[in-house]
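Structure file my_file-v1.txt (compact mmCIF, C-alpha atoms (C1' of nucleotides)) is printed below.
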# COMPACT_ATOMS: atom_id res chain seq x y z
CA MET A 279 0.00 0.00 0.00
CA MET A 280 1.51 3.27 -1.19
CA GLN A 281 1.78 6.00 1.39
CA PRO A 282 0.56 9.40 0.26
CA SER A 283 3.34 11.91 -0.32
CA PRO A 284 3.98 14.62 2.26
CA ASP A 285 3.18 17.06 -0.54
CA LEU A 286 -0.42 15.86 -0.85
CA LEU A 287 -0.85 15.89 2.91
CA PHE A 288 0.59 19.37 3.40
CA LYS A 289 -1.53 20.75 0.58
CA ALA A 290 -4.67 19.08 1.86
CA LEU A 291 -4.14 20.33 5.41
CA ALA A 292 -3.01 23.83 4.46
CA ASP A 293 -6.61 25.01 4.04
CA PRO A 294 -8.33 25.98 7.32
CA SER A 295 -11.75 24.70 6.25
CA ARG A 296 -10.28 21.34 5.34
CA ARG A 297 -8.24 21.11 8.50
CA ALA A 298 -11.35 21.93 10.55
CA LEU A 299 -13.28 19.14 8.82
CA PHE A 300 -10.49 16.66 9.46
CA GLU A 301 -10.21 17.73 13.08
CA ARG A 302 -13.93 17.20 13.63
CA LEU A 303 -13.69 13.73 12.13
CA CYS A 304 -10.67 12.92 14.28
CA LEU A 305 -12.15 14.16 17.53
CA ASP A 306 -15.87 13.42 17.14
CA GLY A 307 -15.73 10.37 14.87
CA GLU A 308 -17.67 9.49 11.75
CA GLN A 309 -20.05 12.12 10.34
CA THR A 310 -22.40 12.53 7.40
CA VAL A 311 -21.91 15.31 4.89
CA GLY A 312 -24.99 17.03 6.25
CA ALA A 313 -23.69 16.97 9.80
CA LEU A 314 -20.33 18.28 8.66
CA THR A 315 -21.96 21.05 6.65
CA ALA A 316 -23.88 22.22 9.71
CA GLY A 317 -21.41 24.39 11.57
CA ALA A 318 -18.80 24.45 8.81
CA GLY A 319 -19.74 27.96 7.75
CA ILE A 320 -19.58 27.08 4.06
CA SER A 321 -22.02 25.57 1.58
CA GLN A 322 -22.62 21.85 1.17
CA PRO A 323 -20.93 21.68 -2.26
CA ALA A 324 -17.86 23.35 -0.76
CA VAL A 325 -17.82 20.75 2.00
CA SER A 326 -18.14 17.93 -0.52
CA LYS A 327 -15.28 19.32 -2.57
CA HIS A 328 -13.05 19.56 0.49
CA LEU A 329 -13.94 16.03 1.54
CA GLY A 330 -13.00 14.87 -1.95
CA ILE A 331 -9.57 16.44 -1.58
CA LEU A 332 -9.09 14.95 1.88
CA LYS A 333 -10.10 11.57 0.49
CA GLN A 334 -7.63 11.83 -2.37
CA ALA A 335 -4.93 12.59 0.18
CA GLY A 336 -5.88 9.43 2.05
CA LEU A 337 -6.92 11.39 5.13
CA VAL A 338 -10.56 10.29 5.16
CA LEU A 339 -12.62 7.26 4.21
CA ASP A 340 -16.17 7.37 2.91
CA ARG A 341 -18.95 4.86 3.46
CA HIS A 342 -22.20 4.99 1.52
CA GLU A 343 -25.38 4.09 3.35
CA GLY A 344 -28.65 4.79 1.64
CA ARG A 345 -28.63 8.31 0.44
CA GLN A 346 -26.07 9.57 2.90
CA THR A 347 -22.31 9.35 2.85
CA HIS A 348 -20.44 8.89 6.10
CA TYR A 349 -16.89 10.17 6.35
CA SER A 350 -14.30 9.14 8.90
CA ALA A 351 -10.70 10.12 9.59
CA GLN A 352 -7.93 7.80 8.49
CA GLN A 353 -5.50 8.88 11.16
CA ARG A 354 -2.78 6.54 9.99
CA ALA A 355 -2.48 8.79 6.95
CA LEU A 356 -0.63 11.29 9.11
CA ALA A 357 2.33 8.95 9.38
CA PRO A 358 4.29 10.56 6.50
CA LEU A 359 3.90 13.92 8.24
CA VAL A 360 5.27 12.52 11.46
CA ASP A 361 8.11 10.93 9.54
CA TRP A 362 8.90 14.16 7.74
CA THR A 363 8.97 16.29 10.88
CA GLY A 364 11.13 13.64 12.48
CA ARG A 365 13.61 13.73 9.63
CA MET A 366 13.74 17.51 9.79
CA ASN A 367 14.19 17.55 13.54
CA ARG A 368 16.95 15.55 15.12
CA PHE A 369 15.76 16.35 18.61
CA TRP A 370 12.36 14.79 18.00
CA GLU A 371 13.88 11.92 16.12
CA ALA A 372 15.80 11.06 19.26
CA ARG A 373 12.65 11.26 21.37
CA PHE A 374 10.74 8.98 19.02
CA ASP A 375 13.59 6.52 18.97
CA ASP A 376 13.57 6.44 22.76
CA LEU A 377 9.83 5.85 22.71
CA GLU A 378 10.13 3.03 20.20
CA ASP A 379 12.84 1.39 22.23
CA LEU A 380 10.72 1.58 25.32
CA LEU A 381 7.65 0.19 23.55
CA LYS A 382 9.72 -2.68 22.17
CA ARG A 383 10.96 -3.50 25.62
CA MET A 384 7.38 -3.39 26.87
CA ASP A 385 6.32 -5.98 24.30
CA GLN A 386 8.86 -8.47 25.52
CA MET B 198 7.48 33.86 22.96
CA MET B 199 4.34 33.12 20.95
CA GLN B 200 4.34 29.90 19.02
CA PRO B 201 3.37 30.23 15.37
CA SER B 202 -0.05 28.81 14.59
CA PRO B 203 -0.34 25.48 12.80
CA ASP B 204 -2.11 27.42 10.06
CA LEU B 205 0.95 29.51 9.27
CA LEU B 206 3.17 26.43 9.36
CA PHE B 207 0.95 24.30 7.13
CA LYS B 208 0.60 27.12 4.62
CA ALA B 209 4.32 27.82 4.60
CA LEU B 210 5.19 24.16 4.11
CA ALA B 211 2.46 23.40 1.58
CA ASP B 212 4.54 24.81 -1.26
CA PRO B 213 7.12 22.37 -2.68
CA SER B 214 9.74 25.03 -3.40
CA ARG B 215 9.46 26.33 0.14
CA ARG B 216 9.58 22.87 1.65
CA ALA B 217 12.66 22.08 -0.43
CA LEU B 218 14.40 25.22 0.83
CA PHE B 219 13.54 24.36 4.43
CA GLU B 220 14.73 20.79 3.97
CA ARG B 221 18.07 21.97 2.61
CA LEU B 222 18.50 24.27 5.58
CA CYS B 223 17.59 21.48 7.98
CA LEU B 224 19.85 18.89 6.44
CA ASP B 225 22.79 20.93 5.19
CA GLY B 226 22.77 23.81 7.65
CA GLU B 227 23.08 27.54 7.15
CA GLN B 228 23.14 28.84 3.56
CA THR B 229 23.32 32.17 1.77
CA VAL B 230 20.57 33.24 -0.62
CA GLY B 231 22.94 32.74 -3.52
CA ALA B 232 23.74 29.18 -2.48
CA LEU B 233 20.06 28.41 -2.03
CA THR B 234 19.20 29.89 -5.41
CA ALA B 235 21.75 27.64 -7.11
CA GLY B 236 19.91 24.38 -7.56
CA ALA B 237 16.52 25.69 -6.54
CA GLY B 238 15.32 25.86 -10.12
CA ILE B 239 13.68 29.25 -9.63
CA SER B 240 14.93 32.83 -9.79
CA GLN B 241 16.67 34.63 -6.95
CA PRO B 242 13.72 36.96 -6.25
CA ALA B 243 11.45 33.93 -5.99
CA VAL B 244 13.82 32.36 -3.47
CA SER B 245 13.95 35.59 -1.46
CA LYS B 246 10.16 35.76 -1.37
CA HIS B 247 9.88 32.16 -0.18
CA LEU B 248 12.50 32.76 2.49
CA GLY B 249 10.50 35.77 3.65
CA ILE B 250 7.41 33.59 4.07
CA LEU B 251 9.37 30.89 5.91
CA LYS B 252 10.79 33.58 8.17
CA GLN B 253 7.36 34.98 8.94
CA ALA B 254 6.26 31.47 9.89
CA GLY B 255 9.18 31.26 12.28
CA LEU B 256 10.74 28.40 10.34
CA VAL B 257 13.99 30.14 9.46
CA LEU B 258 16.30 32.76 10.92
CA ASP B 259 18.34 35.25 8.92
CA ARG B 260 21.72 36.68 9.72
CA HIS B 261 23.20 39.58 7.75
CA GLU B 262 26.90 39.54 7.09
CA GLY B 263 28.30 42.12 4.72
CA ARG B 264 26.24 41.98 1.55
CA GLN B 265 25.05 38.45 2.02
CA THR B 266 22.22 37.09 4.10
CA HIS B 267 22.60 33.70 5.74
CA TYR B 268 19.49 31.67 6.47
CA SER B 269 19.20 28.78 8.90
CA ALA B 270 16.38 26.44 9.95
CA GLN B 271 14.63 27.02 13.25
CA GLN B 272 13.68 23.40 13.81
CA ARG B 273 11.90 24.11 17.08
CA ALA B 274 9.27 25.88 15.00
CA LEU B 275 7.95 22.47 13.98
CA ALA B 276 6.73 21.79 17.51
CA PRO B 277 3.14 22.97 16.87
CA LEU B 278 2.98 20.57 13.93
CA VAL B 279 4.09 17.68 16.08
CA ASP B 280 1.58 18.69 18.74
CA TRP B 281 -1.22 18.90 16.20
CA THR B 282 -0.54 15.50 14.64
CA GLY B 283 -0.41 14.08 18.15
CA ARG B 284 -3.79 15.52 19.02
CA MET B 285 -5.31 14.21 15.80
CA ASN B 286 -3.98 10.71 16.21
CA ARG B 287 -5.52 8.48 18.83
CA PHE B 288 -2.95 5.79 18.20
CA TRP B 289 -0.12 8.01 19.26
CA GLU B 290 -2.16 9.58 22.02
CA ALA B 291 -2.96 6.15 23.39
CA ARG B 292 0.65 5.06 23.16
CA PHE B 293 1.76 8.19 24.98
CA ASP B 294 -0.91 7.60 27.61
CA ASP B 295 0.30 4.03 28.02
CA LEU B 296 3.82 5.32 28.34
CA GLU B 297 2.81 7.80 31.02
CA ASP B 298 0.95 5.11 32.94
CA LEU B 299 3.95 2.86 32.78
CA LEU B 300 6.30 5.58 33.94
CA LYS B 301 3.99 6.34 36.87
CA ARG B 302 3.89 2.69 37.84
CA MET B 303 7.66 2.50 37.54
CA ASP B 304 8.04 5.40 39.96
CA GLN B 305 6.09 3.62 42.67
C1' DG C 11 35.28 57.44 -7.11
C1' DA C 12 33.75 53.84 -10.23
C1' DC C 13 32.27 49.38 -10.72
C1' DA C 14 30.63 44.83 -9.38
C1' DT C 15 28.05 41.78 -6.40
C1' DC C 16 24.32 40.25 -3.33
C1' DC C 17 19.90 40.52 -2.02
C1' DA C 18 15.16 42.60 -1.45
C1' DT C 19 11.35 44.93 -3.34
C1' DA C 20 8.20 46.53 -7.03
C1' DA C 21 5.28 45.64 -10.78
C1' DC C 22 3.19 42.48 -13.46
C1' DT C 23 1.17 37.91 -15.29
C1' DA C 24 -0.76 33.37 -15.49
C1' DT C 25 -2.66 29.90 -13.02
C1' DA C 26 -4.50 27.65 -8.87
C1' DT C 27 -7.79 27.80 -5.45
C1' DG C 28 -11.83 28.32 -2.59
C1' DG C 29 -16.09 29.93 -2.67
C1' DT C 30 -20.74 30.49 -4.84
C1' DT C 31 -25.38 28.97 -7.33
C1' DA C 32 -27.59 25.64 -10.40
C1' DT C 33 -28.48 21.08 -11.39
C1' DG C 34 -28.86 16.16 -11.52
C1' DA C 35 -28.42 11.22 -9.87
C1' DG C 36 -29.84 8.01 -6.59
C1' DA C 37 -32.28 6.41 -2.53
C1' DA C 38 -36.10 6.84 0.78
C1' DA C 39 -40.80 8.28 1.72
C1' DA C 40 -45.37 9.37 0.34
C1' DT D 196 -45.25 6.87 -9.29
C1' DT D 197 -44.39 11.13 -7.48
C1' DT D 198 -42.11 13.63 -4.33
C1' DT D 199 -38.47 14.59 -1.09
C1' DC D 200 -34.03 14.28 0.64
C1' DT D 201 -28.85 13.74 0.43
C1' DC D 202 -24.95 14.36 -1.82
C1' DA D 203 -21.77 15.17 -5.92
C1' DT D 204 -20.76 17.58 -10.02
C1' DA D 205 -20.81 21.50 -13.31
C1' DA D 206 -20.12 26.15 -14.36
C1' DC D 207 -18.64 30.21 -12.94
C1' DC D 208 -16.21 34.11 -10.32
C1' DA D 209 -13.00 36.60 -7.33
C1' DT D 210 -8.94 36.34 -5.10
C1' DA D 211 -4.55 34.30 -3.74
C1' DT D 212 -0.35 32.60 -5.17
C1' DA D 213 3.97 31.51 -7.40
C1' DG D 214 6.54 32.74 -10.85
C1' DT D 215 8.76 36.27 -13.94
C1' DT D 216 11.67 40.72 -15.24
C1' DA D 217 13.20 45.26 -13.78
C1' DT D 218 15.28 47.98 -10.45
C1' DG D 219 17.59 49.87 -6.55
C1' DG D 220 20.15 49.96 -2.02
C1' DA D 221 23.95 48.44 0.43
C1' DT D 222 28.33 46.46 0.64
C1' DG D 223 32.72 44.90 -1.11
C1' DT D 224 36.46 45.52 -4.82
C1' DC D 225 39.23 47.84 -8.17

How does this structure look as structure tokens?
Amino acid sequence: MMQPSPDLLFKALADPSRRALFERLCLDGEQTVGALTAGAGISQPAVSKHLGILKQAGLVLDRHEGRQTHYSAQQRALAPLVDWTGRMNRFWEARFDDLEDLLKRMDQ
Amino acid sequence: MMQPSPDLLFKALADPSRRALFERLCLDGEQTVGALTAGAGISQPAVSKHLGILKQAGLVLDRHEGRQTHYSAQQRALAPLVDWTGRMNRFWEARFDDLEDLLKRMDQ
DNA sequence: GACATCCATAACTATATGGTTATGAGAAAA
DNA sequence: TTTTCTCATAACCATATAGTTATGGATGTC
């Protein structure tokens, strides 16, 4: 399974409306387009377009049920972002390495 | 010192040319505008404009020396990004929670 | 002083982008 | 079947953005 490029992720998350949608899905769980539109401050077609972009970036999954579409966050998709920041930041890289070591030791 | 908002960071890093400049500064260290322009594939004014945006986002620092300007990466500026991805990702949150629990138990 | 070099800013252009309204496809309800 | 509801797409518009060339200020060199 191909990981989405950091480029796609950065571009998808650079827009505040899109980031807000993704945050809602991350924090509140699966939502229909209608529910997401309520409180988004933009029209339903705008929401749909944003969700399409998030989906193309691998950040959300959609599930069709009757006439509604449910969207949910694919949080694993953030992995390339975490990797990228880690590569750019030696300090954090060290912290993550420590964490991984500890988790490995916990498994044993 | 105010941390830059995730919005500024995402927007600054959403552009490939800008991200490439930041990556070079992270990986290869301090560079002059001339050095950065060589191999950037865009004109010197374009590079200067991008550096200005990175600077406003807190991602780079500039240092004037004679007629050249040296830019360097401010890697700490990525912290809000790391925080944000952490908040959006239950997996990592849970792992961190587990880690905290373990550390507490170890202390006792 | 005269000239060259480095960088930033100004002015402009083409395209990308985020929003809108209008519309239509498909599923549920009547 | 007819109507209603949910969502996606089409068509369009205004603005933002990333690039360009031109220029000028400041510093180093001759």

Using all atoms listed in the file, determine which residues of chain D fall within 12 Å of chain A; present them as a list in words.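 Close to chain A, chain D has DT199, DC200, DT201, DC202, DA203, DT204 and DA205 of chain D.
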
How about saving the chosen residues, C-alpha atoms (C1' of nucleotides) kept, as a PDB file, keeping the file's coordinate frame?
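See out_14.pdb below for the written result:
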ATOM      1  C1'  DT D 199     -38.470  14.590  -1.090  1.00  0.00           C
ATOM      2  C1'  DC D 200     -34.030  14.280   0.640  1.00  0.00           C
ATOM      3  C1'  DT D 201     -28.850  13.740   0.430  1.00  0.00           C
ATOM      4  C1'  DC D 202     -24.950  14.360  -1.820  1.00  0.00           C
ATOM      5  C1'  DA D 203     -21.770  15.170  -5.920  1.00  0.00           C
ATOM      6  C1'  DT D 204     -20.760  17.580 -10.020  1.00  0.00           C
ATOM      7  C1'  DA D 205     -20.810  21.500 -13.310  1.00  0.00           C
TER       8       DA D 205
END

How large is the C-alpha RMSD when chain B is optimally fitted onto chain A, using all Cα positions paired one-to-one in sequence order?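 For chain A versus chain B, the C-alpha RMSD is 2.8 Å.
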
What is the distance, in Å and to one decimal place, between atom C1' of DA211 of chain D and atom CA of Trp281 of chain B? 25.4 Å

Contact residues around Gly238 of chain B with only C-alpha atoms (C1' of nucleotides) at 12 Å, ignoring same-chain residues under 6 positions, as a ChimeraX atom specification: /B:213-215,217-218,232,244 /D:214

Using atom CA of Ala270 of chain B and atom C1' of DA213 of chain D as the two end points, give the distance in Å to one decimal.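 Separating atom CA of Ala270 of chain B from atom C1' of DA213 of chain D is a distance of 21.9 Å.
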
One-decimal distance in Å that lies between atom CA of Gln353 of chain A and atom CA of Asn286 of chain B: 5.6 Å

Wanna dump the chain B-chain A contacts at 6 Å for me, each residue with its shortest atom pair and the distance in Å to one decimal, counting all atoms listed in the file, ordered by chain and number, as JSON lines?
{"residue": "B:Phe207", "atom": "CA", "partner": "A:Ala292", "partner_atom": "CA", "distance": 4.8}
{"residue": "B:Lys208", "atom": "CA", "partner": "A:Ala292", "partner_atom": "CA", "distance": 4.9}
{"residue": "B:Ala211", "atom": "CA", "partner": "A:Phe288", "partner_atom": "CA", "distance": 4.8}
{"residue": "B:Cys223", "atom": "CA", "partner": "A:Met366", "partner_atom": "CA", "distance": 5.8}
{"residue": "B:Gln272", "atom": "CA", "partner": "A:Asn367", "partner_atom": "CA", "distance": 5.9}
{"residue": "B:Met285", "atom": "CA", "partner": "A:Cys304", "partner_atom": "CA", "distance": 5.7}
{"residue": "B:Asn286", "atom": "CA", "partner": "A:Gln353", "partner_atom": "CA", "distance": 5.6}

Could you list, as a ChimeraX atom specification, every residue of chain C that has an atom within 9 Å of an atom of chain B, counting all atoms listed in the file? /C:15-19

With a distance cut-off of 9 Å and only C-alpha atoms (C1' of nucleotides), select the neighbouring residues of segment 23-32 of chain C, excluding the residue or stretch itself and same-chain residues fewer than 3 positions from it, and output the selection as a list of chain:residue names. A:Ile320, A:Ser321, A:Ala324, D:DA205, D:DA206, D:DC207, D:DC208, D:DA209, D:DT210, D:DA211, D:DT212, D:DA213, D:DG214, D:DT215
